[in-house]
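For reference, input_17.cif is printed below; it contains mmCIF, N, CA and C atoms.
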```
data_protein
loop_
_atom_site.group_PDB
_atom_site.id
_atom_site.type_symbol
_atom_site.label_atom_id
_atom_site.label_comp_id
_atom_site.auth_asym_id
_atom_site.auth_seq_id
_atom_site.Cartn_x
_atom_site.Cartn_y
_atom_site.Cartn_z
ATOM 1 N N MET A 1361 -31.023 12.544 101.180
ATOM 2 C CA MET A 1361 -30.421 11.238 100.994
ATOM 3 C C MET A 1361 -28.984 11.421 100.519
ATOM 4 N N ILE A 1362 -28.102 10.654 101.101
ATOM 5 C CA ILE A 1362 -26.700 10.613 100.692
ATOM 6 C C ILE A 1362 -26.498 9.241 100.086
ATOM 7 N N ASP A 1363 -25.995 9.169 98.846
ATOM 8 C CA ASP A 1363 -25.857 7.833 98.263
ATOM 9 C C ASP A 1363 -24.413 7.459 98.027
ATOM 10 N N GLY A 1364 -24.212 6.165 97.857
ATOM 11 C CA GLY A 1364 -22.883 5.597 97.700
ATOM 12 C C GLY A 1364 -22.483 5.374 96.268
ATOM 13 N N GLY A 1365 -23.060 6.135 95.351
ATOM 14 C CA GLY A 1365 -22.683 6.017 93.952
ATOM 15 C C GLY A 1365 -23.092 4.679 93.380
ATOM 16 N N GLY A 1366 -22.173 4.011 92.699
ATOM 17 C CA GLY A 1366 -22.474 2.786 91.972
ATOM 18 C C GLY A 1366 -22.782 1.573 92.823
ATOM 19 N N LYS A 1367 -22.633 1.632 94.112
ATOM 20 C CA LYS A 1367 -22.857 0.460 94.955
ATOM 21 C C LYS A 1367 -24.296 0.344 95.430
ATOM 22 N N ASN A 1368 -25.177 1.231 95.008
ATOM 23 C CA ASN A 1368 -26.567 1.222 95.443
ATOM 24 C C ASN A 1368 -26.694 1.274 96.961
ATOM 25 N N LEU A 1369 -25.735 1.858 97.594
ATOM 26 C CA LEU A 1369 -25.719 1.999 99.041
ATOM 27 C C LEU A 1369 -25.941 3.458 99.353
ATOM 28 N N SER A 1370 -26.934 3.730 100.173
ATOM 29 C CA SER A 1370 -27.154 5.126 100.541
ATOM 30 C C SER A 1370 -27.628 5.236 101.972
ATOM 31 N N ILE A 1371 -27.380 6.381 102.540
ATOM 32 C CA ILE A 1371 -27.872 6.712 103.875
ATOM 33 C C ILE A 1371 -29.103 7.582 103.680
ATOM 34 N N THR A 1372 -30.204 7.134 104.248
ATOM 35 C CA THR A 1372 -31.409 7.956 104.172
ATOM 36 C C THR A 1372 -31.543 8.848 105.398
ATOM 37 N N HIS A 1373 -30.893 8.440 106.507
ATOM 38 C CA HIS A 1373 -30.948 9.249 107.720
ATOM 39 C C HIS A 1373 -29.743 8.922 108.595
ATOM 40 N N LEU A 1374 -29.113 9.945 109.157
ATOM 41 C CA LEU A 1374 -28.030 9.766 110.114
ATOM 42 C C LEU A 1374 -28.299 10.687 111.287
ATOM 43 N N ARG A 1375 -28.273 10.111 112.492
ATOM 44 C CA ARG A 1375 -28.544 10.884 113.709
ATOM 45 C C ARG A 1375 -27.457 10.593 114.742
ATOM 46 N N LEU A 1376 -26.969 11.644 115.367
ATOM 47 C CA LEU A 1376 -26.041 11.511 116.489
ATOM 48 C C LEU A 1376 -26.881 11.566 117.754
ATOM 49 N N ASP A 1377 -26.912 10.458 118.492
ATOM 50 C CA ASP A 1377 -27.748 10.367 119.684
ATOM 51 C C ASP A 1377 -26.864 10.119 120.898
ATOM 52 N N THR A 1378 -27.455 10.043 122.062
ATOM 53 C CA THR A 1378 -26.671 9.881 123.282
ATOM 54 C C THR A 1378 -25.892 8.568 123.312
ATOM 55 N N ASP A 1379 -26.406 7.538 122.644
ATOM 56 C CA ASP A 1379 -25.754 6.234 122.682
ATOM 57 C C ASP A 1379 -24.934 5.913 121.439
ATOM 58 N N GLY A 1380 -24.817 6.850 120.512
ATOM 59 C CA GLY A 1380 -23.981 6.601 119.349
ATOM 60 C C GLY A 1380 -24.570 7.136 118.056
ATOM 61 N N ILE A 1381 -24.029 6.626 116.975
ATOM 62 C CA ILE A 1381 -24.405 7.042 115.622
ATOM 63 C C ILE A 1381 -25.477 6.089 115.115
ATOM 64 N N HIS A 1382 -26.613 6.655 114.735
ATOM 65 C CA HIS A 1382 -27.724 5.855 114.214
ATOM 66 C C HIS A 1382 -27.862 6.150 112.728
ATOM 67 N N ILE A 1383 -27.854 5.092 111.923
ATOM 68 C CA ILE A 1383 -27.941 5.224 110.469
ATOM 69 C C ILE A 1383 -29.100 4.382 109.965
ATOM 70 N N VAL A 1384 -29.877 4.953 109.057
ATOM 71 C CA VAL A 1384 -30.876 4.185 108.321
ATOM 72 C C VAL A 1384 -30.383 4.135 106.881
ATOM 73 N N TRP A 1385 -30.228 2.910 106.374
ATOM 74 C CA TRP A 1385 -29.746 2.682 105.018
ATOM 75 C C TRP A 1385 -30.927 2.613 104.052
ATOM 76 N N SER A 1386 -30.628 2.775 102.776
ATOM 77 C CA SER A 1386 -31.672 2.818 101.750
ATOM 78 C C SER A 1386 -32.476 1.519 101.644
ATOM 79 N N ASP A 1387 -31.924 0.402 102.101
ATOM 80 C CA ASP A 1387 -32.665 -0.860 102.059
ATOM 81 C C ASP A 1387 -33.545 -1.045 103.291
ATOM 82 N N GLY A 1388 -33.564 -0.017 104.168
ATOM 83 C CA GLY A 1388 -34.379 -0.069 105.368
ATOM 84 C C GLY A 1388 -33.653 -0.600 106.589
ATOM 85 N N ALA A 1389 -32.477 -1.173 106.393
ATOM 86 C CA ALA A 1389 -31.692 -1.681 107.520
ATOM 87 C C ALA A 1389 -31.177 -0.510 108.353
ATOM 88 N N GLY A 1390 -30.937 -0.790 109.609
ATOM 89 C CA GLY A 1390 -30.413 0.237 110.496
ATOM 90 C C GLY A 1390 -29.101 -0.185 111.115
ATOM 91 N N SER A 1391 -28.288 0.789 111.438
ATOM 92 C CA SER A 1391 -27.032 0.561 112.149
ATOM 93 C C SER A 1391 -26.998 1.472 113.358
ATOM 94 N N GLN A 1392 -26.499 0.949 114.461
ATOM 95 C CA GLN A 1392 -26.253 1.751 115.651
ATOM 96 C C GLN A 1392 -24.824 1.461 116.058
ATOM 97 N N LEU A 1393 -23.989 2.483 115.952
ATOM 98 C CA LEU A 1393 -22.559 2.322 116.209
ATOM 99 C C LEU A 1393 -22.147 3.187 117.397
ATOM 100 N N PRO A 1394 -21.595 2.576 118.441
ATOM 101 C CA PRO A 1394 -21.131 3.352 119.588
ATOM 102 C C PRO A 1394 -20.011 4.317 119.174
ATOM 103 N N TYR A 1395 -20.040 5.498 119.743
ATOM 104 C CA TYR A 1395 -19.062 6.532 119.388
ATOM 105 C C TYR A 1395 -17.622 6.059 119.554
ATOM 106 N N ARG A 1396 -17.285 5.518 120.691
ATOM 107 C CA ARG A 1396 -15.894 5.141 120.947
ATOM 108 C C ARG A 1396 -15.428 4.053 119.985
ATOM 109 N N PHE A 1397 -16.316 3.142 119.646
ATOM 110 C CA PHE A 1397 -15.988 2.077 118.700
ATOM 111 C C PHE A 1397 -15.641 2.665 117.332
ATOM 112 N N VAL A 1398 -16.468 3.582 116.851
ATOM 113 C CA VAL A 1398 -16.221 4.196 115.537
ATOM 114 C C VAL A 1398 -14.938 5.022 115.578
ATOM 115 N N ARG A 1399 -14.794 5.851 116.614
ATOM 116 C CA ARG A 1399 -13.586 6.686 116.726
ATOM 117 C C ARG A 1399 -12.335 5.818 116.801
ATOM 118 N N GLY A 1400 -12.422 4.694 117.495
ATOM 119 C CA GLY A 1400 -11.289 3.777 117.633
ATOM 120 C C GLY A 1400 -10.958 3.002 116.374
ATOM 121 N N HIS A 1401 -11.836 3.094 115.382
ATOM 122 C CA HIS A 1401 -11.602 2.441 114.093
ATOM 123 C C HIS A 1401 -11.469 3.468 112.969
ATOM 124 N N CYS A 1402 -11.093 4.672 113.333
ATOM 125 C CA CYS A 1402 -10.920 5.729 112.338
ATOM 126 C C CYS A 1402 -9.883 5.301 111.288
ATOM 127 N N PRO A 1403 -10.212 5.473 110.008
ATOM 128 C CA PRO A 1403 -9.296 5.028 108.957
ATOM 129 C C PRO A 1403 -8.304 6.095 108.469
ATOM 130 N N CYS A 1404 -8.206 7.222 109.157
ATOM 131 C CA CYS A 1404 -7.352 8.319 108.661
ATOM 132 C C CYS A 1404 -5.863 7.988 108.779
ATOM 133 N N ALA A 1405 -5.041 8.792 108.142
ATOM 134 C CA ALA A 1405 -3.589 8.565 108.117
ATOM 135 C C ALA A 1405 -2.925 8.837 109.464
ATOM 136 N N ILE A 1406 -3.607 9.486 110.387
ATOM 137 C CA ILE A 1406 -3.080 9.663 111.746
ATOM 138 C C ILE A 1406 -3.287 8.384 112.551
ATOM 139 N N CYS A 1407 -4.424 7.738 112.343
ATOM 140 C CA CYS A 1407 -4.779 6.536 113.099
ATOM 141 C C CYS A 1407 -4.262 5.253 112.465
ATOM 142 N N VAL A 1408 -4.067 5.279 111.159
ATOM 143 C CA VAL A 1408 -3.536 4.132 110.416
ATOM 144 C C VAL A 1408 -2.395 4.659 109.544
ATOM 145 N N LEU A 1409 -1.191 4.187 109.797
ATOM 146 C CA LEU A 1409 -0.023 4.715 109.085
ATOM 147 C C LEU A 1409 -0.111 4.465 107.590
ATOM 148 N N GLU A 1410 0.093 5.531 106.839
ATOM 149 C CA GLU A 1410 0.130 5.393 105.382
ATOM 150 C C GLU A 1410 1.327 4.533 104.994
ATOM 151 N N GLY A 1411 1.192 3.814 103.930
ATOM 152 C CA GLY A 1411 2.291 2.978 103.454
ATOM 153 C C GLY A 1411 2.280 1.602 104.084
ATOM 154 N N THR A 1412 2.244 1.540 105.408
ATOM 155 C CA THR A 1412 2.255 0.244 106.095
ATOM 156 C C THR A 1412 0.856 -0.246 106.429
ATOM 157 N N ASN A 1413 -0.110 0.654 106.447
ATOM 158 C CA ASN A 1413 -1.487 0.325 106.807
ATOM 159 C C ASN A 1413 -1.591 -0.224 108.230
ATOM 160 N N GLN A 1414 -0.628 0.144 109.073
ATOM 161 C CA GLN A 1414 -0.593 -0.318 110.462
ATOM 162 C C GLN A 1414 -1.412 0.625 111.342
ATOM 163 N N ARG A 1415 -2.388 0.076 112.055
ATOM 164 C CA ARG A 1415 -3.201 0.881 112.962
ATOM 165 C C ARG A 1415 -2.355 1.270 114.166
ATOM 166 N N VAL A 1416 -2.380 2.559 114.525
ATOM 167 C CA VAL A 1416 -1.636 3.038 115.684
ATOM 168 C C VAL A 1416 -2.543 3.660 116.745
ATOM 169 N N VAL A 1417 -3.790 3.914 116.412
ATOM 170 C CA VAL A 1417 -4.780 4.376 117.383
ATOM 171 C C VAL A 1417 -5.884 3.326 117.434
ATOM 172 N N PHE A 1418 -6.116 2.815 118.636
ATOM 173 C CA PHE A 1418 -7.102 1.764 118.861
ATOM 174 C C PHE A 1418 -8.216 2.293 119.759
ATOM 175 N N GLU A 1419 -9.277 1.527 119.855
ATOM 176 C CA GLU A 1419 -10.401 1.931 120.700
ATOM 177 C C GLU A 1419 -9.943 2.206 122.130
ATOM 178 N N LYS A 1420 -9.032 1.405 122.647
ATOM 179 C CA LYS A 1420 -8.533 1.586 124.013
ATOM 180 C C LYS A 1420 -7.804 2.922 124.193
ATOM 181 N N ASP A 1421 -7.350 3.519 123.098
ATOM 182 C CA ASP A 1421 -6.626 4.790 123.156
ATOM 183 C C ASP A 1421 -7.560 6.004 123.141
ATOM 184 N N VAL A 1422 -8.821 5.768 122.885
ATOM 185 C CA VAL A 1422 -9.805 6.842 122.734
ATOM 186 C C VAL A 1422 -10.482 7.083 124.082
ATOM 187 N N PRO A 1423 -10.680 8.349 124.459
ATOM 188 C CA PRO A 1423 -11.372 8.619 125.730
ATOM 189 C C PRO A 1423 -12.730 7.911 125.782
ATOM 190 N N GLU A 1424 -13.067 7.362 126.936
ATOM 191 C CA GLU A 1424 -14.320 6.619 127.080
ATOM 192 C C GLU A 1424 -15.545 7.471 126.795
ATOM 193 N N ASP A 1425 -15.445 8.760 127.049
ATOM 194 C CA ASP A 1425 -16.605 9.645 126.888
ATOM 195 C C ASP A 1425 -16.625 10.379 125.549
ATOM 196 N N VAL A 1426 -15.832 9.944 124.587
ATOM 197 C CA VAL A 1426 -15.787 10.608 123.287
ATOM 198 C C VAL A 1426 -17.150 10.509 122.608
ATOM 199 N N ILE A 1427 -17.540 11.570 121.929
ATOM 200 C CA ILE A 1427 -18.768 11.578 121.134
ATOM 201 C C ILE A 1427 -18.498 12.304 119.820
ATOM 202 N N ALA A 1428 -19.318 12.034 118.847
ATOM 203 C CA ALA A 1428 -19.288 12.818 117.609
ATOM 204 C C ALA A 1428 -20.176 14.025 117.863
ATOM 205 N N VAL A 1429 -19.626 15.207 117.667
ATOM 206 C CA VAL A 1429 -20.402 16.423 117.922
ATOM 207 C C VAL A 1429 -21.038 16.971 116.652
ATOM 208 N N ASP A 1430 -20.552 16.528 115.495
ATOM 209 C CA ASP A 1430 -21.126 16.952 114.226
ATOM 210 C C ASP A 1430 -20.655 15.984 113.136
ATOM 211 N N TRP A 1431 -21.266 16.086 111.977
ATOM 212 C CA TRP A 1431 -20.882 15.248 110.844
ATOM 213 C C TRP A 1431 -21.215 15.992 109.560
ATOM 214 N N MET A 1432 -20.587 15.544 108.480
ATOM 215 C CA MET A 1432 -20.908 16.105 107.172
ATOM 216 C C MET A 1432 -20.720 15.029 106.114
ATOM 217 N N ALA A 1433 -21.467 15.192 105.038
ATOM 218 C CA ALA A 1433 -21.347 14.284 103.907
ATOM 219 C C ALA A 1433 -20.070 14.594 103.146
ATOM 220 N N ILE A 1434 -19.410 13.568 102.692
ATOM 221 C CA ILE A 1434 -18.238 13.692 101.825
ATOM 222 C C ILE A 1434 -18.649 13.091 100.484
ATOM 223 N N GLY A 1435 -18.893 13.945 99.531
ATOM 224 C CA GLY A 1435 -19.362 13.475 98.234
ATOM 225 C C GLY A 1435 -20.632 12.665 98.397
ATOM 226 N N ARG A 1436 -20.708 11.583 97.637
ATOM 227 C CA ARG A 1436 -21.878 10.707 97.681
ATOM 228 C C ARG A 1436 -21.496 9.305 98.128
ATOM 229 N N TYR A 1437 -20.394 9.228 98.914
ATOM 230 C CA TYR A 1437 -19.897 7.908 99.286
ATOM 231 C C TYR A 1437 -19.449 7.772 100.733
ATOM 232 N N ALA A 1438 -19.396 8.868 101.495
ATOM 233 C CA ALA A 1438 -18.811 8.798 102.836
ATOM 234 C C ALA A 1438 -19.333 9.921 103.730
ATOM 235 N N VAL A 1439 -19.018 9.796 105.009
ATOM 236 C CA VAL A 1439 -19.276 10.857 105.979
ATOM 237 C C VAL A 1439 -18.007 11.097 106.782
ATOM 238 N N GLN A 1440 -17.944 12.272 107.352
ATOM 239 C CA GLN A 1440 -16.819 12.644 108.211
ATOM 240 C C GLN A 1440 -17.396 13.167 109.509
ATOM 241 N N PHE A 1441 -16.780 12.788 110.623
ATOM 242 C CA PHE A 1441 -17.263 13.199 111.939
ATOM 243 C C PHE A 1441 -16.280 14.164 112.586
ATOM 244 N N LEU A 1442 -16.816 15.085 113.358
ATOM 245 C CA LEU A 1442 -16.026 15.933 114.246
ATOM 246 C C LEU A 1442 -16.225 15.351 115.634
ATOM 247 N N TRP A 1443 -15.120 14.936 116.234
ATOM 248 C CA TRP A 1443 -15.174 14.245 117.525
ATOM 249 C C TRP A 1443 -14.900 15.204 118.676
ATOM 250 N N SER A 1444 -15.406 14.875 119.841
ATOM 251 C CA SER A 1444 -15.221 15.716 121.023
ATOM 252 C C SER A 1444 -13.764 15.787 121.466
ATOM 253 N N ASP A 1445 -12.917 14.863 120.994
ATOM 254 C CA ASP A 1445 -11.477 14.937 121.296
ATOM 255 C C ASP A 1445 -10.725 15.752 120.239
ATOM 256 N N ALA A 1446 -11.482 16.490 119.416
ATOM 257 C CA ALA A 1446 -10.968 17.410 118.384
ATOM 258 C C ALA A 1446 -10.414 16.693 117.149
ATOM 259 N N HIS A 1447 -10.569 15.385 117.066
ATOM 260 C CA HIS A 1447 -10.139 14.642 115.875
ATOM 261 C C HIS A 1447 -11.174 14.846 114.781
ATOM 262 N N GLU A 1448 -10.718 15.124 113.558
ATOM 263 C CA GLU A 1448 -11.675 15.409 112.489
ATOM 264 C C GLU A 1448 -11.214 14.964 111.104
ATOM 265 N N THR A 1449 -10.160 14.184 111.030
ATOM 266 C CA THR A 1449 -9.598 13.880 109.720
ATOM 267 C C THR A 1449 -10.111 12.583 109.096
ATOM 268 N N GLY A 1450 -10.808 11.758 109.827
ATOM 269 C CA GLY A 1450 -11.248 10.478 109.287
ATOM 270 C C GLY A 1450 -12.437 10.598 108.352
ATOM 271 N N ILE A 1451 -12.331 9.975 107.208
ATOM 272 C CA ILE A 1451 -13.438 9.885 106.257
ATOM 273 C C ILE A 1451 -13.913 8.436 106.286
ATOM 274 N N PHE A 1452 -15.195 8.248 106.540
ATOM 275 C CA PHE A 1452 -15.785 6.927 106.698
ATOM 276 C C PHE A 1452 -16.674 6.600 105.502
ATOM 277 N N PRO A 1453 -16.131 5.873 104.511
ATOM 278 C CA PRO A 1453 -16.966 5.438 103.387
ATOM 279 C C PRO A 1453 -18.120 4.579 103.902
ATOM 280 N N PHE A 1454 -19.237 4.623 103.191
ATOM 281 C CA PHE A 1454 -20.406 3.871 103.617
ATOM 282 C C PHE A 1454 -20.091 2.385 103.791
ATOM 283 N N ASN A 1455 -19.343 1.805 102.843
ATOM 284 C CA ASN A 1455 -19.038 0.372 102.952
ATOM 285 C C ASN A 1455 -18.197 0.076 104.194
ATOM 286 N N TYR A 1456 -17.365 1.030 104.631
ATOM 287 C CA TYR A 1456 -16.576 0.838 105.854
ATOM 288 C C TYR A 1456 -17.487 0.867 107.081
ATOM 289 N N LEU A 1457 -18.486 1.746 107.081
ATOM 290 C CA LEU A 1457 -19.437 1.784 108.194
ATOM 291 C C LEU A 1457 -20.206 0.462 108.291
ATOM 292 N N ILE A 1458 -20.544 -0.121 107.150
ATOM 293 C CA ILE A 1458 -21.207 -1.428 107.144
ATOM 294 C C ILE A 1458 -20.259 -2.494 107.704
ATOM 295 N N GLU A 1459 -18.989 -2.437 107.322
ATOM 296 C CA GLU A 1459 -17.994 -3.380 107.849
ATOM 297 C C GLU A 1459 -17.881 -3.238 109.366
ATOM 298 N N LEU A 1460 -17.897 -1.990 109.860
ATOM 299 C CA LEU A 1460 -17.826 -1.772 111.305
ATOM 300 C C LEU A 1460 -19.044 -2.358 112.002
ATOM 301 N N GLN A 1461 -20.225 -2.183 111.403
ATOM 302 C CA GLN A 1461 -21.441 -2.763 111.984
ATOM 303 C C GLN A 1461 -21.315 -4.283 112.057
ATOM 304 N N ASP A 1462 -20.828 -4.905 110.993
ATOM 305 C CA ASP A 1462 -20.640 -6.359 110.992
ATOM 306 C C ASP A 1462 -19.620 -6.780 112.051
ATOM 307 N N LYS A 1463 -18.547 -6.042 112.169
ATOM 308 C CA LYS A 1463 -17.509 -6.336 113.163
ATOM 309 C C LYS A 1463 -18.074 -6.219 114.571
ATOM 310 N N LEU A 1464 -18.894 -5.217 114.793
ATOM 311 C CA LEU A 1464 -19.503 -5.012 116.115
ATOM 312 C C LEU A 1464 -20.434 -6.165 116.451
ATOM 313 N N ARG A 1465 -21.183 -6.648 115.494
ATOM 314 C CA ARG A 1465 -22.103 -7.764 115.718
ATOM 315 C C ARG A 1465 -21.356 -9.051 116.072
ATOM 316 N N LYS A 1466 -20.157 -9.220 115.503
ATOM 317 C CA LYS A 1466 -19.350 -10.423 115.773
ATOM 318 C C LYS A 1466 -18.588 -10.315 117.081
ATOM 319 N N HIS A 1467 -18.452 -9.100 117.585
ATOM 320 C CA HIS A 1467 -17.661 -8.808 118.794
ATOM 321 C C HIS A 1467 -18.262 -9.402 120.024
#
```
Taking this structure as input, can you express it in the form of structure tokens?
Amino acid sequence: MIDGGGKNLSITHLRLDTDGIHIVWSDGAGSQLPYRFVRGHCPCAICVLEGTNQRVVFEKDVPEDVIAVDWMAIGRYAVQFLWSDAHETGIFPFNYLIELQDKLRKH
């Protein structure tokens, strides 16, 4: 189990599957996030300019066939993905992954 510290948010299971990133949260809820969508919303300083917070890499800029080839826990609050396009600098806090799931549902 990877937990989100004081927010009572934790990942009990994370799987990279053919159709995207599958997450089971500690409350039993599940998230399924398409690879290109997540990669296109990377919060790193390469994709979002530091200082201005202006996004410069969008989903449309990401190869259609991009996948996450591996992942690792970052402390007890985030995960980091290694992408097939060799991008690896984005750290995805758990609350940001939840925001992405909500954004995807509204899309």
Going by DSSP on the backbone, which bits of range 1367-1461 of chain A are strand (DSSP E)? Write them as number ranges by chain, please. A: 1370-1377, 1380-1385, 1390-1393, 1428-1434, 1438-1443, 1451-1453
Would you output that residue set with N, CA and C atoms, as an mmCIF file, in the coordinates of the input?
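So part-v6.cif came out as:
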```
data_model
loop_
_atom_site.group_PDB
_atom_site.id
_atom_site.type_symbol
_atom_site.label_atom_id
_atom_site.label_comp_id
_atom_site.auth_asym_id
_atom_site.auth_seq_id
_atom_site.Cartn_x
_atom_site.Cartn_y
_atom_site.Cartn_z
ATOM 1 N N SER A 1370 -26.934 3.730 100.173
ATOM 2 C CA SER A 1370 -27.154 5.126 100.541
ATOM 3 C C SER A 1370 -27.628 5.236 101.972
ATOM 4 N N ILE A 1371 -27.380 6.381 102.540
ATOM 5 C CA ILE A 1371 -27.872 6.712 103.875
ATOM 6 C C ILE A 1371 -29.103 7.582 103.680
ATOM 7 N N THR A 1372 -30.204 7.134 104.248
ATOM 8 C CA THR A 1372 -31.409 7.956 104.172
ATOM 9 C C THR A 1372 -31.543 8.848 105.398
ATOM 10 N N HIS A 1373 -30.893 8.440 106.507
ATOM 11 C CA HIS A 1373 -30.948 9.249 107.720
ATOM 12 C C HIS A 1373 -29.743 8.922 108.595
ATOM 13 N N LEU A 1374 -29.113 9.945 109.157
ATOM 14 C CA LEU A 1374 -28.030 9.766 110.114
ATOM 15 C C LEU A 1374 -28.299 10.687 111.287
ATOM 16 N N ARG A 1375 -28.273 10.111 112.492
ATOM 17 C CA ARG A 1375 -28.544 10.884 113.709
ATOM 18 C C ARG A 1375 -27.457 10.593 114.742
ATOM 19 N N LEU A 1376 -26.969 11.644 115.367
ATOM 20 C CA LEU A 1376 -26.041 11.511 116.489
ATOM 21 C C LEU A 1376 -26.881 11.566 117.754
ATOM 22 N N ASP A 1377 -26.912 10.458 118.492
ATOM 23 C CA ASP A 1377 -27.748 10.367 119.684
ATOM 24 C C ASP A 1377 -26.864 10.119 120.898
ATOM 25 N N GLY A 1380 -24.817 6.850 120.512
ATOM 26 C CA GLY A 1380 -23.981 6.601 119.349
ATOM 27 C C GLY A 1380 -24.570 7.136 118.056
ATOM 28 N N ILE A 1381 -24.029 6.626 116.975
ATOM 29 C CA ILE A 1381 -24.405 7.042 115.622
ATOM 30 C C ILE A 1381 -25.477 6.089 115.115
ATOM 31 N N HIS A 1382 -26.613 6.655 114.735
ATOM 32 C CA HIS A 1382 -27.724 5.855 114.214
ATOM 33 C C HIS A 1382 -27.862 6.150 112.728
ATOM 34 N N ILE A 1383 -27.854 5.092 111.923
ATOM 35 C CA ILE A 1383 -27.941 5.224 110.469
ATOM 36 C C ILE A 1383 -29.100 4.382 109.965
ATOM 37 N N VAL A 1384 -29.877 4.953 109.057
ATOM 38 C CA VAL A 1384 -30.876 4.185 108.321
ATOM 39 C C VAL A 1384 -30.383 4.135 106.881
ATOM 40 N N TRP A 1385 -30.228 2.910 106.374
ATOM 41 C CA TRP A 1385 -29.746 2.682 105.018
ATOM 42 C C TRP A 1385 -30.927 2.613 104.052
ATOM 43 N N GLY A 1390 -30.937 -0.790 109.609
ATOM 44 C CA GLY A 1390 -30.413 0.237 110.496
ATOM 45 C C GLY A 1390 -29.101 -0.185 111.115
ATOM 46 N N SER A 1391 -28.288 0.789 111.438
ATOM 47 C CA SER A 1391 -27.032 0.561 112.149
ATOM 48 C C SER A 1391 -26.998 1.472 113.358
ATOM 49 N N GLN A 1392 -26.499 0.949 114.461
ATOM 50 C CA GLN A 1392 -26.253 1.751 115.651
ATOM 51 C C GLN A 1392 -24.824 1.461 116.058
ATOM 52 N N LEU A 1393 -23.989 2.483 115.952
ATOM 53 C CA LEU A 1393 -22.559 2.322 116.209
ATOM 54 C C LEU A 1393 -22.147 3.187 117.397
ATOM 55 N N ALA A 1428 -19.318 12.034 118.847
ATOM 56 C CA ALA A 1428 -19.288 12.818 117.609
ATOM 57 C C ALA A 1428 -20.176 14.025 117.863
ATOM 58 N N VAL A 1429 -19.626 15.207 117.667
ATOM 59 C CA VAL A 1429 -20.402 16.423 117.922
ATOM 60 C C VAL A 1429 -21.038 16.971 116.652
ATOM 61 N N ASP A 1430 -20.552 16.528 115.495
ATOM 62 C CA ASP A 1430 -21.126 16.952 114.226
ATOM 63 C C ASP A 1430 -20.655 15.984 113.136
ATOM 64 N N TRP A 1431 -21.266 16.086 111.977
ATOM 65 C CA TRP A 1431 -20.882 15.248 110.844
ATOM 66 C C TRP A 1431 -21.215 15.992 109.560
ATOM 67 N N MET A 1432 -20.587 15.544 108.480
ATOM 68 C CA MET A 1432 -20.908 16.105 107.172
ATOM 69 C C MET A 1432 -20.720 15.029 106.114
ATOM 70 N N ALA A 1433 -21.467 15.192 105.038
ATOM 71 C CA ALA A 1433 -21.347 14.284 103.907
ATOM 72 C C ALA A 1433 -20.070 14.594 103.146
ATOM 73 N N ILE A 1434 -19.410 13.568 102.692
ATOM 74 C CA ILE A 1434 -18.238 13.692 101.825
ATOM 75 C C ILE A 1434 -18.649 13.091 100.484
ATOM 76 N N ALA A 1438 -19.396 8.868 101.495
ATOM 77 C CA ALA A 1438 -18.811 8.798 102.836
ATOM 78 C C ALA A 1438 -19.333 9.921 103.730
ATOM 79 N N VAL A 1439 -19.018 9.796 105.009
ATOM 80 C CA VAL A 1439 -19.276 10.857 105.979
ATOM 81 C C VAL A 1439 -18.007 11.097 106.782
ATOM 82 N N GLN A 1440 -17.944 12.272 107.352
ATOM 83 C CA GLN A 1440 -16.819 12.644 108.211
ATOM 84 C C GLN A 1440 -17.396 13.167 109.509
ATOM 85 N N PHE A 1441 -16.780 12.788 110.623
ATOM 86 C CA PHE A 1441 -17.263 13.199 111.939
ATOM 87 C C PHE A 1441 -16.280 14.164 112.586
ATOM 88 N N LEU A 1442 -16.816 15.085 113.358
ATOM 89 C CA LEU A 1442 -16.026 15.933 114.246
ATOM 90 C C LEU A 1442 -16.225 15.351 115.634
ATOM 91 N N TRP A 1443 -15.120 14.936 116.234
ATOM 92 C CA TRP A 1443 -15.174 14.245 117.525
ATOM 93 C C TRP A 1443 -14.900 15.204 118.676
ATOM 94 N N ILE A 1451 -12.331 9.975 107.208
ATOM 95 C CA ILE A 1451 -13.438 9.885 106.257
ATOM 96 C C ILE A 1451 -13.913 8.436 106.286
ATOM 97 N N PHE A 1452 -15.195 8.248 106.540
ATOM 98 C CA PHE A 1452 -15.785 6.927 106.698
ATOM 99 C C PHE A 1452 -16.674 6.600 105.502
ATOM 100 N N PRO A 1453 -16.131 5.873 104.511
ATOM 101 C CA PRO A 1453 -16.966 5.438 103.387
ATOM 102 C C PRO A 1453 -18.120 4.579 103.902
#
```
Hits of the PyMOL selection byres (((chain A and resi 1425 and name CA) around 9) and name CA) in this structure, as a compact mmCIF listing (two decimals) with N, CA and C atoms, in the coordinates of the input:
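To be explicit, this is the file written out as result_0.txt:
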```txt
# COMPACT_ATOMS: atom_id res chain seq x y z
N TYR A 1395 -20.04 5.50 119.74
CA TYR A 1395 -19.06 6.53 119.39
C TYR A 1395 -17.62 6.06 119.55
N ARG A 1396 -17.28 5.52 120.69
CA ARG A 1396 -15.89 5.14 120.95
C ARG A 1396 -15.43 4.05 119.98
N VAL A 1422 -8.82 5.77 122.88
CA VAL A 1422 -9.80 6.84 122.73
C VAL A 1422 -10.48 7.08 124.08
N PRO A 1423 -10.68 8.35 124.46
CA PRO A 1423 -11.37 8.62 125.73
C PRO A 1423 -12.73 7.91 125.78
N GLU A 1424 -13.07 7.36 126.94
CA GLU A 1424 -14.32 6.62 127.08
C GLU A 1424 -15.54 7.47 126.80
N VAL A 1426 -15.83 9.94 124.59
CA VAL A 1426 -15.79 10.61 123.29
C VAL A 1426 -17.15 10.51 122.61
N ILE A 1427 -17.54 11.57 121.93
CA ILE A 1427 -18.77 11.58 121.13
C ILE A 1427 -18.50 12.30 119.82
N SER A 1444 -15.41 14.88 119.84
CA SER A 1444 -15.22 15.72 121.02
C SER A 1444 -13.76 15.79 121.47
```
With the file shown as input, list the residues that the PyMOL selection byres ((chain A and resi 1398-1402) around 7) selects, as a PyMOL selection string. chain A and resi 1393-1397+1403-1405+1407-1408+1417-1422+1450-1451
Residues of chain A in alpha helix (DSSP H) according to DSSP, as a ChimeraX atom specification? /A:1395-1399,1454-1466
Any chance you could work out the residue set of the PyMOL selection byres (((chain A and resi 1390 and name CA) around 12) and name CA) here, as a list in words? Ser1370, Ile1371, Thr1372, His1373, Leu1374, Arg1375, Ile1381, His1382, Ile1383, Val1384, Trp1385, Ser1386, Asp1387, Gly1388, Ala1389, Ser1391, Gln1392, Leu1393, Leu1457, Ile1458, Gln1461 and Asp1462 of chain A
